[in-house]
Amino acid sequence: MDQFIIQGGRRLRGEVAVSGAKNAALPIMAACLLADGPSKLTGLPDVADVKTLSSLLGELGVKADHHDDTVELEVAGENDSHARYDLVCTMRASICVLGPLLAKRGYARVAMPGGCAIGSRPIDIHLRGLEALGAQIDLKSGDVVAKAKRLKGAEIFLGGPFGSTVTGTANIMMAATLAEGTTVIESAACEPGVQDLADFLNKMGAKITGAGSPRITIEGVENLHGTTHQIIPDRIEAGTFMVASAITNGEVKLSQVRLDHMMAVVDKLRQIGVIIEKDNGGAVISSRRRISATDVTTQPYPGFPTDLQAQLMTLLCLAGGNSVITEKIYPDRFLHVSELARMGANIRKEGPTAIITGVKRLVGAPVMAGDLRASAALVLAGLAAEGTTTISRVYHIDRGYEHIETKLAALGADIKRVNE
Ligand code: EPZ
């Protein structure tokens, strides 16, 4: 397994391009199951999750031709509609093939994703939504088996105890495009990835209005055709690099960033003293003083994203004063806390809340990545720490960041990937 070795203390300077958004690309790739004909996606991030989904789609009869940041996807055969556990368990987002398979083929068998490091990852709201569209749902030895001759439009509420569901909204929206009649999704997720998926589906001939708002209306159509689409930039990667610049007192320009997709993040970072200036189509991030402490609660979009909670926590470890982070989406998403403590951070966890007492410095140490965003947080800590930080199990970070060590090294970081 690979490790990162980081010598901390380097100020990051220069320009970095934000890659395409993993969490937009995955449901859009799954949506290609709905099309009669090929689709071409550009701006695809070179990350493990995209490769995993591409292999899964291959097993479902989709031909995928990848070159650079582009993939052409076309359904070549509909013989196999079983998404097996060995692939689904490595990437929970595989559940996004359920809606399109069911709508297009009338049958789908998809392994239940199970939990992961950030908590139990239920799909009860997905299944309730598909049943509302007329699907028969059974559970067979760990798989969801869904059947429907033709789905029928319905009014569906997708709210749950932690707000809406991003991939659940994607699944129901995709399934509803080929249903008979009109579907209204109430309490839909509003994330930019959901909006990008709706744009893609409408280019395929779907009739979707309201994406990006909590109420989405989908008028069913008979069929969808292939199309071309550029994936939106990744707001979570962008936020990660904003913290990288701030935590090293650097000056980094992000190109291809959509600040309008991350206003809660920009607002919070500016509140604590990070300077974020628009710069023709991009943004320049710098900080010239010690970061101030703050309180933040993760919320569904447009609130502060849970996927940047660990990265912000790392920055707040060095702030002047006490900060409080409350995790409202995944209450257990604190794997990074114990590893940051190994580097000298002073964090106390109380249920879904972490209290961070700012310290003057972090000190490099051997640490272990536990999940995608926790590992990004450890990289950020290593950049700021005195001395050497060794991060093992970096396969977690490769799931969602495109060559992060190359991008950081190009900004002046001393970071190397070595084989453990
Ligand atoms: C998406 O996951 C993202 N993944 C996650 O990013 C992100 O953290 C999450 O949305 C929240 O923003 C992709 O888009 C591929 P949810 P998803 O369904 O759709 C509960 C990353 O780091 N819930 O919106 O699986 C659930 O337990 C990943 O890139 C139910 O109770 O998340 C959670 O508490 C990690 N029942 C909350 O809702 C359901 O049926 C939000 O989950 C579905 C979800």
# chains A, B, ... in the order shown; residues from 1 in each chain; ligands from 1

$ residues_near_ligand --ligand "ligand 1" --cutoff "7 Å" --atoms "only C-alpha atoms and all ligand atoms" --output "ChimeraX atom specification"
/A:23-24,26,92-93,120-126,160-168,300,305-307,329-330,372-373,400

$ residues_around --residues "Thr182 (chain A)" --least-positions-apart "2" --cutoff "9 Å" --atoms "only C-alpha atoms" --output "number ranges by chain"
A: 152-155, 176-177, 179-180, 184, 217-220

$ write_last_selection --atoms "C-alpha atoms" --output "compact mmCIF listing (two decimals), in the first residue's frame"
# COMPACT_ATOMS: atom_id res chain seq x y z
CA LYS A 152 -45.64 5.52 -12.51
CA GLY A 153 -45.11 9.16 -11.56
CA ALA A 154 -45.89 10.04 -7.92
CA GLU A 155 -45.48 12.71 -5.25
CA ALA A 176 -38.73 9.19 -12.77
CA THR A 177 -37.44 10.37 -16.17
CA ALA A 179 -41.92 6.82 -15.57
CA GLU A 180 -45.46 7.27 -16.88
CA VAL A 184 -42.78 15.61 -7.76
CA THR A 217 -40.71 18.05 -10.95
CA ILE A 218 -40.04 15.34 -13.53
CA GLU A 219 -42.38 14.74 -16.47
CA GLY A 220 -41.88 11.16 -17.68

$ closest_residue --among "A:Ile232, A:Met29, A:Ala146, A:Leu53" --to "Ala170 (chain A)" --atoms "only C-alpha atoms"
A:Met29

$ residues_around --residues "region 266-278 of chain A" --least-positions-apart "6" --cutoff "12 Å" --atoms "only C-alpha atoms" --output "PyMOL selection string"
chain A and resi 235-236+238-260+284-298+302-305+308-309+311-313+315-316+318-321+323

$ atom_distance --atom1 "CA of Gly37 (chain A)" --atom2 "CA of His225 (chain A)"
5.8 Å

$ residues_around --residues "Gln136 (chain A)" --least-positions-apart "3" --cutoff "10 Å" --atoms "only C-alpha atoms" --output "ChimeraX atom specification"
/A:107,127,130-133,145-149

$ write_last_selection --atoms "all heavy atoms" --output "compact mmCIF listing (two decimals), in the first residue's frame"
# COMPACT_ATOMS: atom_id res chain seq x y z
N TYR A 107 -35.94 -4.15 -14.17
CA TYR A 107 -35.39 -5.08 -13.16
C TYR A 107 -34.01 -4.59 -12.75
O TYR A 107 -33.24 -4.10 -13.59
CB TYR A 107 -35.28 -6.49 -13.75
CG TYR A 107 -34.57 -7.48 -12.85
CD1 TYR A 107 -35.25 -8.16 -11.84
CD2 TYR A 107 -33.18 -7.69 -12.96
CE1 TYR A 107 -34.59 -9.04 -11.01
CE2 TYR A 107 -32.51 -8.56 -12.12
CZ TYR A 107 -33.21 -9.24 -11.14
OH TYR A 107 -32.56 -10.11 -10.30
N LEU A 127 -35.30 3.46 -1.20
CA LEU A 127 -36.22 2.35 -1.47
C LEU A 127 -37.67 2.80 -1.34
O LEU A 127 -38.52 2.43 -2.16
CB LEU A 127 -35.92 1.16 -0.55
CG LEU A 127 -34.49 0.62 -0.66
CD1 LEU A 127 -34.29 -0.60 0.23
CD2 LEU A 127 -34.12 0.29 -2.11
N LEU A 130 -38.56 4.60 -4.54
CA LEU A 130 -38.78 3.72 -5.70
C LEU A 130 -40.11 2.97 -5.55
O LEU A 130 -40.85 2.78 -6.52
CB LEU A 130 -37.61 2.74 -5.85
CG LEU A 130 -36.27 3.38 -6.26
CD1 LEU A 130 -35.15 2.34 -6.24
CD2 LEU A 130 -36.37 4.06 -7.63
N GLU A 131 -40.44 2.60 -4.31
CA GLU A 131 -41.75 1.94 -4.10
C GLU A 131 -42.89 2.89 -4.42
O GLU A 131 -43.88 2.51 -5.03
CB GLU A 131 -41.85 1.45 -2.64
CG GLU A 131 -41.09 0.15 -2.38
CD GLU A 131 -41.10 -0.27 -0.92
OE1 GLU A 131 -41.14 0.62 -0.05
OE2 GLU A 131 -41.03 -1.49 -0.66
N ALA A 132 -42.68 4.18 -4.10
CA ALA A 132 -43.73 5.18 -4.40
C ALA A 132 -43.93 5.29 -5.92
O ALA A 132 -45.03 5.60 -6.39
CB ALA A 132 -43.33 6.54 -3.83
N LEU A 133 -42.87 4.98 -6.69
CA LEU A 133 -42.98 5.02 -8.15
C LEU A 133 -43.56 3.70 -8.69
O LEU A 133 -43.64 3.50 -9.90
CB LEU A 133 -41.60 5.28 -8.78
CG LEU A 133 -41.01 6.69 -8.58
CD1 LEU A 133 -39.57 6.73 -9.08
CD2 LEU A 133 -41.86 7.74 -9.30
N VAL A 145 -33.57 -6.31 -4.68
CA VAL A 145 -34.10 -6.74 -5.98
C VAL A 145 -35.33 -5.89 -6.27
O VAL A 145 -36.28 -5.88 -5.50
CB VAL A 145 -34.48 -8.23 -5.96
CG1 VAL A 145 -35.04 -8.66 -7.32
CG2 VAL A 145 -33.25 -9.08 -5.61
N ALA A 146 -35.24 -5.10 -7.34
CA ALA A 146 -36.34 -4.16 -7.67
C ALA A 146 -36.94 -4.55 -9.01
O ALA A 146 -36.21 -4.87 -9.96
CB ALA A 146 -35.80 -2.75 -7.72
N LYS A 147 -38.27 -4.54 -9.08
CA LYS A 147 -38.96 -4.89 -10.33
C LYS A 147 -40.08 -3.89 -10.59
O LYS A 147 -40.73 -3.41 -9.65
CB LYS A 147 -39.60 -6.28 -10.22
CG LYS A 147 -38.60 -7.43 -10.17
CD LYS A 147 -39.34 -8.76 -10.06
CE LYS A 147 -38.35 -9.88 -9.72
NZ LYS A 147 -38.90 -10.85 -8.76
N ALA A 148 -40.30 -3.60 -11.89
CA ALA A 148 -41.46 -2.77 -12.26
C ALA A 148 -41.63 -2.84 -13.77
O ALA A 148 -40.67 -2.63 -14.50
CB ALA A 148 -41.22 -1.32 -11.84
N LYS A 149 -42.85 -3.18 -14.24
CA LYS A 149 -43.08 -3.19 -15.68
C LYS A 149 -42.83 -1.79 -16.22
O LYS A 149 -42.00 -1.55 -17.08
CB LYS A 149 -44.52 -3.62 -15.99
CG LYS A 149 -44.69 -5.13 -16.04
CD LYS A 149 -45.80 -5.57 -16.99
CE LYS A 149 -45.86 -7.10 -17.07
NZ LYS A 149 -45.42 -7.76 -15.80

$ closest_residue --among "A:Asp46, A:Glu327, A:Glu186, A:Glu405" --to "Ala25 (chain A)" --atoms "only C-alpha atoms"
A:Asp46

$ select_by_dssp --residues "region 165-359 of chain A" --states "strand (DSSP E)" --output "ChimeraX atom specification"
/A:182-186,207-209,215-219,224-225,228-230,251-255,275-279,282-286,295-297,322-326,346-350,353-357

$ residues_around --residues "region 360-365 of chain A" --least-positions-apart "4" --cutoff "8 Å" --atoms "only C-alpha atoms" --output "mmCIF file with N, CA, C and O atoms, in the first residue's frame"
data_model
loop_
_atom_site.group_PDB
_atom_site.id
_atom_site.type_symbol
_atom_site.label_atom_id
_atom_site.label_comp_id
_atom_site.auth_asym_id
_atom_site.auth_seq_id
_atom_site.Cartn_x
_atom_site.Cartn_y
_atom_site.Cartn_z
ATOM 1 N N GLN A 7 7.207 16.722 4.473
ATOM 2 C CA GLN A 7 8.015 17.597 5.337
ATOM 3 C C GLN A 7 7.231 18.902 5.448
ATOM 4 O O GLN A 7 7.018 19.576 4.435
ATOM 5 N N GLY A 8 6.770 19.226 6.638
ATOM 6 C CA GLY A 8 5.896 20.378 6.807
ATOM 7 C C GLY A 8 6.633 21.706 6.783
ATOM 8 O O GLY A 8 7.858 21.760 6.691
ATOM 9 N N LEU A 318 -5.184 25.144 14.659
ATOM 10 C CA LEU A 318 -4.111 26.157 14.819
ATOM 11 C C LEU A 318 -4.696 27.551 15.048
ATOM 12 O O LEU A 318 -3.970 28.546 15.038
ATOM 13 N N ARG A 342 -2.561 12.901 17.580
ATOM 14 C CA ARG A 342 -1.198 12.349 17.548
ATOM 15 C C ARG A 342 -0.208 13.404 17.071
ATOM 16 O O ARG A 342 0.992 13.321 17.333
ATOM 17 N N MET A 343 -0.736 14.425 16.389
ATOM 18 C CA MET A 343 0.152 15.491 15.864
ATOM 19 C C MET A 343 0.128 16.709 16.770
ATOM 20 O O MET A 343 0.627 17.775 16.402
ATOM 21 N N GLY A 344 -0.522 16.560 17.951
ATOM 22 C CA GLY A 344 -0.492 17.661 18.913
ATOM 23 C C GLY A 344 -1.752 18.486 18.958
ATOM 24 O O GLY A 344 -1.831 19.470 19.695
ATOM 25 N N ALA A 345 -2.779 18.083 18.186
ATOM 26 C CA ALA A 345 -4.028 18.854 18.226
ATOM 27 C C ALA A 345 -4.725 18.608 19.562
ATOM 28 O O ALA A 345 -4.543 17.557 20.193
ATOM 29 N N ALA A 381 -2.753 18.704 7.684
ATOM 30 C CA ALA A 381 -2.024 18.825 8.963
ATOM 31 C C ALA A 381 -0.525 18.632 8.731
ATOM 32 O O ALA A 381 0.302 19.367 9.274
ATOM 33 N N GLY A 382 -0.178 17.675 7.866
ATOM 34 C CA GLY A 382 1.243 17.416 7.572
ATOM 35 C C GLY A 382 1.907 18.603 6.907
ATOM 36 O O GLY A 382 3.074 18.915 7.169
ATOM 37 N N ALA A 384 1.312 21.661 7.447
ATOM 38 C CA ALA A 384 1.525 22.751 8.415
ATOM 39 C C ALA A 384 2.440 22.328 9.564
ATOM 40 O O ALA A 384 3.024 23.162 10.244
ATOM 41 N N ALA A 385 2.580 21.000 9.770
ATOM 42 C CA ALA A 385 3.281 20.525 10.977
ATOM 43 C C ALA A 385 4.784 20.752 10.877
ATOM 44 O O ALA A 385 5.343 20.828 9.769
ATOM 45 N N GLU A 386 5.420 20.816 12.035
ATOM 46 C CA GLU A 386 6.894 20.854 12.075
ATOM 47 C C GLU A 386 7.388 19.423 11.906
ATOM 48 O O GLU A 386 6.899 18.510 12.559
ATOM 49 N N GLY A 387 8.340 19.230 11.001
ATOM 50 C CA GLY A 387 8.918 17.903 10.865
ATOM 51 C C GLY A 387 8.175 17.027 9.864
ATOM 52 O O GLY A 387 7.411 17.502 9.030
ATOM 53 N N THR A 388 8.363 15.718 10.025
ATOM 54 C CA THR A 388 7.910 14.752 9.019
ATOM 55 C C THR A 388 6.611 14.074 9.431
ATOM 56 O O THR A 388 6.476 13.634 10.575
ATOM 57 N N THR A 389 5.669 14.010 8.502
ATOM 58 C CA THR A 389 4.428 13.262 8.714
ATOM 59 C C THR A 389 4.361 12.137 7.677
ATOM 60 O O THR A 389 4.614 12.380 6.497
ATOM 61 N N THR A 390 4.084 10.935 8.163
ATOM 62 C CA THR A 390 3.920 9.798 7.260
ATOM 63 C C THR A 390 2.476 9.345 7.348
ATOM 64 O O THR A 390 1.989 9.046 8.440
#

$ residues_around --residues "Pro233 (chain A)" --least-positions-apart "6" --cutoff "6 Å" --atoms "only C-alpha atoms" --output "MDAnalysis selection string"
chainID A and resid 19:21

$ write_last_selection --atoms "all heavy atoms" --output "PDB file, in the first residue's frame"
ATOM      1  N   SER A  19     -10.217  19.867 -10.334  1.00  0.00           N
ATOM      2  CA  SER A  19     -10.699  18.792 -11.235  1.00  0.00           C
ATOM      3  C   SER A  19     -12.215  18.708 -11.199  1.00  0.00           C
ATOM      4  O   SER A  19     -12.882  19.361 -10.400  1.00  0.00           O
ATOM      5  CB  SER A  19     -10.103  17.444 -10.775  1.00  0.00           C
ATOM      6  OG  SER A  19      -8.694  17.521 -10.793  1.00  0.00           O
ATOM      7  N   GLY A  20     -12.759  17.858 -12.048  1.00  0.00           N
ATOM      8  CA  GLY A  20     -14.209  17.642 -12.089  1.00  0.00           C
ATOM      9  C   GLY A  20     -14.710  17.013 -10.801  1.00  0.00           C
ATOM     10  O   GLY A  20     -13.962  16.306 -10.118  1.00  0.00           O
ATOM     11  N   ALA A  21     -15.968  17.262 -10.486  1.00  0.00           N
ATOM     12  CA  ALA A  21     -16.530  16.826  -9.201  1.00  0.00           C
ATOM     13  C   ALA A  21     -16.874  15.337  -9.228  1.00  0.00           C
ATOM     14  O   ALA A  21     -17.744  14.900  -9.999  1.00  0.00           O
ATOM     15  CB  ALA A  21     -17.787  17.638  -8.875  1.00  0.00           C
TER      16      ALA A  21
END

$ decode --residues "region 218-245 of chain A" --atoms "N, CA, C and O atoms" --output "CSV table (one decimal), in the first residue's frame"
chain,number,residue,atom,x,y,z
A,218,ILE,N,-40.5,16.1,-12.4
A,218,ILE,CA,-40.0,15.3,-13.5
A,218,ILE,C,-41.2,14.8,-14.3
A,218,ILE,O,-42.1,14.1,-13.8
A,219,GLU,N,-41.3,15.2,-15.6
A,219,GLU,CA,-42.4,14.7,-16.5
A,219,GLU,C,-41.8,13.5,-17.2
A,219,GLU,O,-40.8,13.7,-17.9
A,220,GLY,N,-42.4,12.4,-17.1
A,220,GLY,CA,-41.9,11.2,-17.7
A,220,GLY,C,-41.9,11.3,-19.2
A,220,GLY,O,-42.8,11.9,-19.8
A,221,VAL,N,-40.9,10.7,-19.8
A,221,VAL,CA,-40.8,10.6,-21.3
A,221,VAL,C,-40.6,9.1,-21.7
A,221,VAL,O,-40.4,8.3,-20.9
A,222,GLU,N,-40.8,8.8,-23.0
A,222,GLU,CA,-40.7,7.5,-23.5
A,222,GLU,C,-39.3,6.9,-23.6
A,222,GLU,O,-39.0,5.8,-23.3
A,223,ASN,N,-38.4,7.8,-24.0
A,223,ASN,CA,-37.0,7.4,-24.0
A,223,ASN,C,-36.0,8.5,-24.0
A,223,ASN,O,-36.4,9.7,-24.1
A,224,LEU,N,-34.8,8.2,-23.7
A,224,LEU,CA,-33.7,9.2,-23.6
A,224,LEU,C,-32.6,8.9,-24.6
A,224,LEU,O,-32.3,7.7,-24.8
A,225,HIS,N,-31.9,9.9,-25.1
A,225,HIS,CA,-30.8,9.6,-26.1
A,225,HIS,C,-29.5,10.1,-25.4
A,225,HIS,O,-29.5,10.8,-24.4
A,226,GLY,N,-28.4,9.7,-26.0
A,226,GLY,CA,-27.1,10.0,-25.5
A,226,GLY,C,-26.8,11.5,-25.7
A,226,GLY,O,-27.6,12.2,-26.5
A,227,THR,N,-25.8,12.1,-25.0
A,227,THR,CA,-25.5,13.5,-25.2
A,227,THR,C,-24.1,13.7,-24.8
A,227,THR,O,-23.3,12.8,-24.5
A,228,THR,N,-23.6,15.0,-24.8
A,228,THR,CA,-22.3,15.3,-24.3
A,228,THR,C,-22.4,16.2,-23.1
A,228,THR,O,-23.4,17.0,-23.0
A,229,HIS,N,-21.4,16.1,-22.2
A,229,HIS,CA,-21.6,17.0,-21.0
A,229,HIS,C,-20.2,17.2,-20.3
A,229,HIS,O,-19.4,16.2,-20.3
A,230,GLN,N,-20.0,18.4,-19.8
A,230,GLN,CA,-18.8,18.7,-19.1
A,230,GLN,C,-19.1,18.7,-17.6
A,230,GLN,O,-20.1,19.4,-17.2
A,231,ILE,N,-18.4,17.9,-16.8
A,231,ILE,CA,-18.7,17.8,-15.4
A,231,ILE,C,-18.3,19.1,-14.6
A,231,ILE,O,-17.3,19.7,-14.9
A,232,ILE,N,-19.1,19.5,-13.7
A,232,ILE,CA,-18.8,20.7,-12.9
A,232,ILE,C,-17.5,20.5,-12.1
A,232,ILE,O,-17.2,19.4,-11.7
A,233,PRO,N,-16.8,21.6,-11.7
A,233,PRO,CA,-15.6,21.5,-10.9
A,233,PRO,C,-16.0,21.0,-9.5
A,233,PRO,O,-17.1,21.3,-9.0
A,234,ASP,N,-15.0,20.5,-8.8
A,234,ASP,CA,-15.3,19.8,-7.5
A,234,ASP,C,-15.1,20.8,-6.4
A,234,ASP,O,-14.0,21.3,-6.0
A,235,ARG,N,-16.2,21.2,-5.7
A,235,ARG,CA,-16.2,22.2,-4.7
A,235,ARG,C,-15.5,21.7,-3.4
A,235,ARG,O,-14.9,22.5,-2.6
A,236,ILE,N,-15.4,20.4,-3.3
A,236,ILE,CA,-14.8,19.8,-2.1
A,236,ILE,C,-13.3,19.8,-2.3
A,236,ILE,O,-12.5,20.1,-1.4
A,237,GLU,N,-12.8,19.5,-3.5
A,237,GLU,CA,-11.4,19.6,-3.7
A,237,GLU,C,-11.0,21.1,-3.6
A,237,GLU,O,-10.0,21.4,-3.0
A,238,ALA,N,-11.8,22.0,-4.2
A,238,ALA,CA,-11.5,23.4,-4.1
A,238,ALA,C,-11.4,23.8,-2.7
A,238,ALA,O,-10.4,24.5,-2.3
A,239,GLY,N,-12.3,23.4,-1.8
A,239,GLY,CA,-12.3,23.8,-0.4
A,239,GLY,C,-11.1,23.2,0.3
A,239,GLY,O,-10.5,23.9,1.2
A,240,THR,N,-10.7,22.0,-0.1
A,240,THR,CA,-9.5,21.4,0.5
A,240,THR,C,-8.2,22.2,0.2
A,240,THR,O,-7.4,22.5,1.0
A,241,PHE,N,-8.1,22.7,-1.1
A,241,PHE,CA,-7.0,23.5,-1.5
A,241,PHE,C,-7.0,24.9,-0.9
A,241,PHE,O,-6.0,25.5,-0.6
A,242,MET,N,-8.2,25.4,-0.6
A,242,MET,CA,-8.3,26.7,0.1
A,242,MET,C,-7.7,26.6,1.5
A,242,MET,O,-6.9,27.4,1.9
A,243,VAL,N,-8.0,25.5,2.2
A,243,VAL,CA,-7.5,25.2,3.5
A,243,VAL,C,-6.0,25.0,3.4
A,243,VAL,O,-5.2,25.5,4.2
A,244,ALA,N,-5.5,24.3,2.3
A,244,ALA,CA,-4.1,24.1,2.2
A,244,ALA,C,-3.3,25.4,2.1
A,244,ALA,O,-2.3,25.6,2.7
A,245,SER,N,-3.9,26.3,1.3
A,245,SER,CA,-3.2,27.6,1.2
A,245,SER,C,-3.2,28.4,2.6
A,245,SER,O,-2.2,28.9,3.0
